[in-house]
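Some notes on the structure that comes next.
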Amino acid sequence: SQTIHQWPATLVQPVGSPLSLECTVEGTSNPNLYWYRQAAGRGLQLLFYSVGIGQISSEVPQNLSASRPQDRQFILSSKKLLLSDSGFYLCAWSTGTAYGYTFGSGTRLTVV
Amino acid sequence: DQQVKQNSPSLSVQEGRISILNCDYTNSMFDYFLWYKKYPAEGPTFLISISSIKDKNEDGRFTVFLNKSAKHLSLHIVPSQPGDSAVYFCAASVQGGSEKLVFGKGMKLTVNP
């Protein structure tokens, strides 16, 4: 069966520090991978998505970047965090939107 | 420009009654719609979906209705249970398109015992 792992569950980082969030998928090949953010009082905002290794599409200009070094690994990074980067970050995978997404358990990031 | 709108941020209903969650969309290219349920500190989980070739899809206590002319869909939960208390997200996509789901802002449903 397919599973998605996302870590860490919570993270408190100072402003200006770097960030690396990792997401891995098991049990499927060549999934579409996504990073979403849910900020306080807002919905699910798509940040990045990837349809293959090394292929990254950015949805929103921001302080973040994403990479897909392996087929089932998706990494969200920042060189210098801002206060506005605080939020709940979700990784998801799909084999096509007809089947919807499967989300990870999320990372609560607080930038202080 | 928000393409998927959930205009009511919250809804409170009594256990056993019907919960109706509404969603509107602006992009007429959307042809597949989904509802997700999210508990605090967890990722959203898929609940039910509907293709634009249908106007109704039912799964147990959950029914989704689609009105394409009005660009409106709704999720009915009957009967509502306290365990249904969560945030519900409406999402839409274009099949064969960019493989992206566009989500609404979510609605918090509270079912009171």
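Naming works like this for the structure tokens: A, B, ... for the chains as they're shown, residue 1 at the start of each chain, ligands 1 onward in shown order.
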Next on the checklist: Run DSSP on the backbone and tell me which residues of chain A come out as strand (DSSP E); list them as a VMD selection string.
Outcome noted: chain A and resid 3 to 7 10 to 13 19 to 26 32 to 38 44 to 52 55 to 58 65 to 70 73 to 78 87 to 94 102 to 103 107 to 111
Item to check | Polymer residues at most 6 Å from A:Ser94, only C-alpha atoms, same-chain spacing of 3 or more positions, as a PyMOL selection string | outcome: chain A and resi 31-32+101
Generate the output file for the selected residues, N, CA and C atoms, as a PDB file, in the first residue's frame.
```pdb
ATOM      1  N   PRO A  31       5.104   9.397  -8.836  1.00  0.00           N
ATOM      2  CA  PRO A  31       3.926  10.156  -8.410  1.00  0.00           C
ATOM      3  C   PRO A  31       4.097  11.635  -8.717  1.00  0.00           C
ATOM      4  N   ASN A  32       2.982  12.330  -8.814  1.00  0.00           N
ATOM      5  CA  ASN A  32       3.014  13.786  -8.775  1.00  0.00           C
ATOM      6  C   ASN A  32       3.153  14.164  -7.297  1.00  0.00           C
ATOM      7  N   TYR A 101      -5.682  13.655  -4.051  1.00  0.00           N
ATOM      8  CA  TYR A 101      -4.368  13.647  -3.434  1.00  0.00           C
ATOM      9  C   TYR A 101      -4.420  12.827  -2.153  1.00  0.00           C
TER      10      TYR A 101
END
```
Next on the checklist: as a PyMOL selection string, please: the residues near B:Glu42 (cut-off 12 Å, only C-alpha atoms, same-chain neighbours under 6 positions excluded).
Outcome noted: (chain A and resi 6+9-10+38+88-91+102-108) or (chain B and resi 36+86-87)
Produce a file of the selected residues containing N, CA, C and O atoms, as a tab-separated table (two decimals), in the first residue's frame.
```tsv
chain	number	residue	atom	x	y	z
A	6	GLN	N	6.17	12.49	6.25
A	6	GLN	CA	6.54	13.90	6.29
A	6	GLN	C	7.08	14.21	7.68
A	6	GLN	O	6.46	13.85	8.68
A	9	ALA	N	7.19	16.86	12.63
A	9	ALA	CA	5.80	17.22	12.88
A	9	ALA	C	5.68	18.68	13.32
A	9	ALA	O	4.72	19.37	12.96
A	10	THR	N	6.60	19.13	14.11
A	10	THR	CA	6.61	20.54	14.55
A	10	THR	C	8.03	21.07	14.48
A	10	THR	O	9.00	20.32	14.64
A	38	GLN	N	-0.88	25.91	4.72
A	38	GLN	CA	-2.09	26.48	5.29
A	38	GLN	C	-1.66	27.50	6.32
A	38	GLN	O	-1.18	27.16	7.39
A	88	PHE	N	1.26	25.78	8.45
A	88	PHE	CA	1.17	24.32	8.46
A	88	PHE	C	1.49	23.85	7.05
A	88	PHE	O	0.74	24.15	6.11
A	89	TYR	N	2.58	23.11	6.91
A	89	TYR	CA	3.05	22.68	5.59
A	89	TYR	C	2.66	21.24	5.34
A	89	TYR	O	2.90	20.36	6.17
A	90	LEU	N	2.09	21.03	4.18
A	90	LEU	CA	1.59	19.71	3.84
A	90	LEU	C	2.20	19.23	2.53
A	90	LEU	O	2.24	19.97	1.55
A	91	CYS	N	2.64	18.00	2.54
A	91	CYS	CA	3.12	17.34	1.34
A	91	CYS	C	2.00	16.41	0.86
A	91	CYS	O	1.25	15.86	1.68
A	102	THR	N	-3.25	12.31	-1.77
A	102	THR	CA	-3.07	11.77	-0.43
A	102	THR	C	-2.08	12.67	0.28
A	102	THR	O	-0.96	12.87	-0.21
A	103	PHE	N	-2.50	13.20	1.41
A	103	PHE	CA	-1.67	14.15	2.14
A	103	PHE	C	-0.87	13.48	3.23
A	103	PHE	O	-1.30	12.47	3.81
A	104	GLY	N	0.29	14.07	3.53
A	104	GLY	CA	1.04	13.69	4.71
A	104	GLY	C	0.41	14.30	5.95
A	104	GLY	O	-0.61	15.01	5.86
A	105	SER	N	1.02	14.04	7.08
A	105	SER	CA	0.45	14.49	8.35
A	105	SER	C	0.79	15.94	8.65
A	105	SER	O	0.25	16.52	9.59
A	106	GLY	N	1.68	16.55	7.88
A	106	GLY	CA	1.94	17.97	8.01
A	106	GLY	C	3.06	18.33	8.98
A	106	GLY	O	3.41	17.55	9.87
A	107	THR	N	3.60	19.52	8.79
A	107	THR	CA	4.62	20.09	9.68
A	107	THR	C	4.15	21.47	10.11
A	107	THR	O	3.87	22.32	9.27
A	108	ARG	N	4.06	21.66	11.41
A	108	ARG	CA	3.71	22.98	11.94
A	108	ARG	C	5.00	23.76	12.13
A	108	ARG	O	5.81	23.42	12.99
B	36	TYR	N	-12.55	17.31	0.97
B	36	TYR	CA	-11.58	16.78	1.91
B	36	TYR	C	-11.99	17.20	3.32
B	36	TYR	O	-12.56	18.26	3.54
B	86	ALA	N	-14.93	18.95	11.98
B	86	ALA	CA	-13.63	19.08	11.31
B	86	ALA	C	-13.72	20.28	10.38
B	86	ALA	O	-14.76	20.91	10.26
B	87	VAL	N	-12.63	20.55	9.70
B	87	VAL	CA	-12.63	21.56	8.63
B	87	VAL	C	-12.78	20.82	7.31
B	87	VAL	O	-12.09	19.84	7.05
```
Item to check | Residue neighbourhood B:Gln81, 9 Å, only C-alpha atoms, exclusion window fewer than 3 positions, as a list in words | outcome: Gln14, Glu15, Gly16, Arg17, Ile77, Val78, Asp84, Ser85, Val111, Asn112 and Pro113 of chain B
Up to 7 Å from chain A, what residues of chain B turn up? Count only C-alpha atoms and give them as a compact mmCIF listing (two decimals) with N, CA, C and O atoms, in the first residue's frame.
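Dumped to out22.txt:
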```txt
# COMPACT_ATOMS: atom_id res chain seq x y z
N GLU B 42 -3.50 17.51 11.48
CA GLU B 42 -3.41 16.36 10.58
C GLU B 42 -3.55 16.83 9.15
O GLU B 42 -4.07 17.91 8.87
N GLY B 43 -3.10 15.98 8.21
CA GLY B 43 -3.33 16.29 6.81
C GLY B 43 -4.77 16.02 6.41
O GLY B 43 -5.46 15.22 7.03
N PRO B 44 -5.27 16.71 5.39
CA PRO B 44 -6.63 16.45 4.91
C PRO B 44 -6.77 15.03 4.38
O PRO B 44 -5.82 14.46 3.84
N THR B 45 -7.95 14.47 4.52
CA THR B 45 -8.23 13.15 3.96
C THR B 45 -9.38 13.26 2.98
O THR B 45 -10.34 14.00 3.20
N SER B 93 -10.58 20.59 -10.12
CA SER B 93 -9.47 20.42 -11.07
C SER B 93 -10.01 20.31 -12.48
O SER B 93 -11.21 20.14 -12.70
N GLN B 95 -9.53 17.86 -15.54
CA GLN B 95 -9.00 16.56 -15.90
C GLN B 95 -8.14 16.66 -17.16
O GLN B 95 -8.52 17.33 -18.12
N GLU B 99 -2.82 18.81 -13.53
CA GLU B 99 -2.74 17.92 -12.37
C GLU B 99 -2.70 18.67 -11.05
O GLU B 99 -2.10 18.21 -10.09
N LYS B 100 -3.32 19.82 -10.99
CA LYS B 100 -3.35 20.57 -9.75
C LYS B 100 -4.78 20.65 -9.24
O LYS B 100 -5.72 20.83 -10.01
N LEU B 101 -4.91 20.51 -7.94
CA LEU B 101 -6.18 20.76 -7.29
C LEU B 101 -6.18 22.19 -6.75
O LEU B 101 -5.20 22.62 -6.15
N PHE B 103 -7.98 24.53 -4.07
CA PHE B 103 -8.76 24.37 -2.86
C PHE B 103 -9.45 25.67 -2.47
O PHE B 103 -8.95 26.76 -2.71
N GLY B 104 -10.59 25.52 -1.81
CA GLY B 104 -11.22 26.64 -1.15
C GLY B 104 -10.56 26.88 0.20
O GLY B 104 -9.63 26.16 0.59
N LYS B 105 -11.05 27.87 0.92
CA LYS B 105 -10.45 28.24 2.21
C LYS B 105 -10.85 27.30 3.34
O LYS B 105 -10.26 27.34 4.41
N GLY B 106 -11.88 26.51 3.10
CA GLY B 106 -12.32 25.58 4.14
C GLY B 106 -13.45 26.13 4.97
O GLY B 106 -13.68 27.34 5.07
```
Item to check | Selection near A:Leu82, 9 Å with only C-alpha atoms, sequence-local residues under 3 positions removed, as number ranges by chain | outcome: A: 14-17, 63, 85-86, 111-112
Checklist entry - If we count only C-alpha atoms, what is near stretch 19-28 of chain B at a cut-off of 9 Å, once residues fewer than 2 positions away on the same chain are taken out, given as a PyMOL selection string? => result chain B and resi 2-8+11-14+17+30-31+68+70-80+88-92+104+107+109+111
Now that the selection is made, can you save its residues with N, CA and C atoms as an mmCIF file, in the first residue's frame?
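As written to disk, result.cif reads:
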```
data_model
loop_
_atom_site.group_PDB
_atom_site.id
_atom_site.type_symbol
_atom_site.label_atom_id
_atom_site.label_comp_id
_atom_site.auth_asym_id
_atom_site.auth_seq_id
_atom_site.Cartn_x
_atom_site.Cartn_y
_atom_site.Cartn_z
ATOM 1 N N GLN B 2 -9.703 34.108 -6.405
ATOM 2 C CA GLN B 2 -9.992 32.815 -5.816
ATOM 3 C C GLN B 2 -10.961 32.067 -6.709
ATOM 4 N N GLN B 3 -10.542 30.938 -7.234
ATOM 5 C CA GLN B 3 -11.367 30.193 -8.177
ATOM 6 C C GLN B 3 -12.347 29.264 -7.481
ATOM 7 N N VAL B 4 -12.042 28.889 -6.260
ATOM 8 C CA VAL B 4 -12.922 28.025 -5.484
ATOM 9 C C VAL B 4 -13.234 28.750 -4.177
ATOM 10 N N LYS B 5 -14.518 28.943 -3.931
ATOM 11 C CA LYS B 5 -14.902 29.767 -2.790
ATOM 12 C C LYS B 5 -15.801 29.001 -1.827
ATOM 13 N N GLN B 6 -15.440 29.050 -0.571
ATOM 14 C CA GLN B 6 -16.298 28.560 0.483
ATOM 15 C C GLN B 6 -16.580 29.784 1.351
ATOM 16 N N ASN B 7 -17.724 30.368 1.122
ATOM 17 C CA ASN B 7 -17.988 31.697 1.674
ATOM 18 C C ASN B 7 -18.337 31.700 3.149
ATOM 19 N N SER B 8 -18.775 30.579 3.657
ATOM 20 C CA SER B 8 -19.100 30.511 5.080
ATOM 21 C C SER B 8 -17.946 29.861 5.812
ATOM 22 N N LEU B 11 -19.920 26.368 10.475
ATOM 23 C CA LEU B 11 -21.295 25.880 10.553
ATOM 24 C C LEU B 11 -21.407 25.046 11.812
ATOM 25 N N SER B 12 -22.502 25.248 12.525
ATOM 26 C CA SER B 12 -22.747 24.470 13.731
ATOM 27 C C SER B 12 -24.111 23.807 13.615
ATOM 28 N N VAL B 13 -24.168 22.484 13.815
ATOM 29 C CA VAL B 13 -25.430 21.751 13.721
ATOM 30 C C VAL B 13 -25.548 20.787 14.891
ATOM 31 N N GLN B 14 -26.771 20.352 15.131
ATOM 32 C CA GLN B 14 -27.015 19.374 16.172
ATOM 33 C C GLN B 14 -26.809 17.961 15.636
ATOM 34 N N ARG B 17 -28.907 15.904 12.805
ATOM 35 C CA ARG B 17 -29.490 16.754 11.775
ATOM 36 C C ARG B 17 -28.614 16.739 10.528
ATOM 37 N N PHE B 30 -13.257 23.710 -14.872
ATOM 38 C CA PHE B 30 -13.212 22.665 -13.841
ATOM 39 C C PHE B 30 -14.226 21.574 -14.181
ATOM 40 N N ASP B 31 -13.778 20.323 -14.100
ATOM 41 C CA ASP B 31 -14.688 19.238 -14.411
ATOM 42 C C ASP B 31 -14.606 18.093 -13.409
ATOM 43 N N LYS B 68 -23.882 22.587 -12.368
ATOM 44 C CA LYS B 68 -22.888 23.195 -13.267
ATOM 45 C C LYS B 68 -23.319 24.571 -13.747
ATOM 46 N N ALA B 70 -24.941 26.794 -12.227
ATOM 47 C CA ALA B 70 -24.726 27.782 -11.164
ATOM 48 C C ALA B 70 -23.286 27.776 -10.674
ATOM 49 N N LYS B 71 -22.481 26.863 -11.177
ATOM 50 C CA LYS B 71 -21.105 26.685 -10.699
ATOM 51 C C LYS B 71 -21.087 26.543 -9.176
ATOM 52 N N HIS B 72 -21.874 25.598 -8.722
ATOM 53 C CA HIS B 72 -22.067 25.428 -7.292
ATOM 54 C C HIS B 72 -22.116 23.944 -6.950
ATOM 55 N N LEU B 73 -21.469 23.602 -5.856
ATOM 56 C CA LEU B 73 -21.613 22.240 -5.353
ATOM 57 C C LEU B 73 -21.822 22.294 -3.852
ATOM 58 N N SER B 74 -22.424 21.239 -3.352
ATOM 59 C CA SER B 74 -22.689 21.177 -1.922
ATOM 60 C C SER B 74 -22.444 19.765 -1.414
ATOM 61 N N LEU B 75 -22.076 19.690 -0.168
ATOM 62 C CA LEU B 75 -21.867 18.421 0.521
ATOM 63 C C LEU B 75 -22.925 18.311 1.604
ATOM 64 N N HIS B 76 -23.687 17.211 1.559
ATOM 65 C CA HIS B 76 -24.706 16.952 2.566
ATOM 66 C C HIS B 76 -24.246 15.794 3.442
ATOM 67 N N ILE B 77 -24.342 15.989 4.734
ATOM 68 C CA ILE B 77 -24.006 14.933 5.683
ATOM 69 C C ILE B 77 -25.272 14.639 6.492
ATOM 70 N N VAL B 78 -25.761 13.410 6.326
ATOM 71 C CA VAL B 78 -26.991 13.029 7.021
ATOM 72 C C VAL B 78 -26.891 11.590 7.541
ATOM 73 N N PRO B 79 -27.110 11.326 8.815
ATOM 74 C CA PRO B 79 -27.209 12.324 9.885
ATOM 75 C C PRO B 79 -25.824 12.758 10.336
ATOM 76 N N SER B 80 -25.730 13.959 10.824
ATOM 77 C CA SER B 80 -24.439 14.467 11.302
ATOM 78 C C SER B 80 -24.090 13.809 12.636
ATOM 79 N N TYR B 88 -13.708 21.286 6.484
ATOM 80 C CA TYR B 88 -13.973 20.651 5.202
ATOM 81 C C TYR B 88 -13.518 21.577 4.080
ATOM 82 N N PHE B 89 -12.737 21.006 3.166
ATOM 83 C CA PHE B 89 -12.231 21.755 2.023
ATOM 84 C C PHE B 89 -12.882 21.248 0.744
ATOM 85 N N CYS B 90 -13.315 22.167 -0.064
ATOM 86 C CA CYS B 90 -13.771 21.881 -1.405
ATOM 87 C C CYS B 90 -12.591 22.066 -2.347
ATOM 88 N N ALA B 91 -12.468 21.219 -3.367
ATOM 89 C CA ALA B 91 -11.367 21.333 -4.319
ATOM 90 C C ALA B 91 -11.874 21.038 -5.723
ATOM 91 N N ALA B 92 -11.185 21.592 -6.710
ATOM 92 C CA ALA B 92 -11.595 21.406 -8.100
ATOM 93 C C ALA B 92 -10.374 21.253 -8.991
ATOM 94 N N GLY B 104 -10.590 25.517 -1.811
ATOM 95 C CA GLY B 104 -11.220 26.637 -1.145
ATOM 96 C C GLY B 104 -10.560 26.878 0.203
ATOM 97 N N MET B 107 -14.217 25.183 5.544
ATOM 98 C CA MET B 107 -15.307 25.530 6.442
ATOM 99 C C MET B 107 -15.210 24.642 7.662
ATOM 100 N N LEU B 109 -16.852 22.736 10.497
ATOM 101 C CA LEU B 109 -18.129 22.172 10.906
ATOM 102 C C LEU B 109 -18.029 21.694 12.345
ATOM 103 N N VAL B 111 -20.381 19.673 15.100
ATOM 104 C CA VAL B 111 -21.601 18.919 15.354
ATOM 105 C C VAL B 111 -21.727 18.750 16.862
#
```
Next on the checklist: Could you go through chain A and tell me which residues DSSP, when run on the backbone, assigns to helix (DSSP H, G or I), listing them as a ChimeraX atom specification?
Outcome noted: /A:83-85,97-99
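Reported to one decimal place, the separation of atom CA of B:Ala41 from atom CA of A:Leu83 is 19.9 Å.
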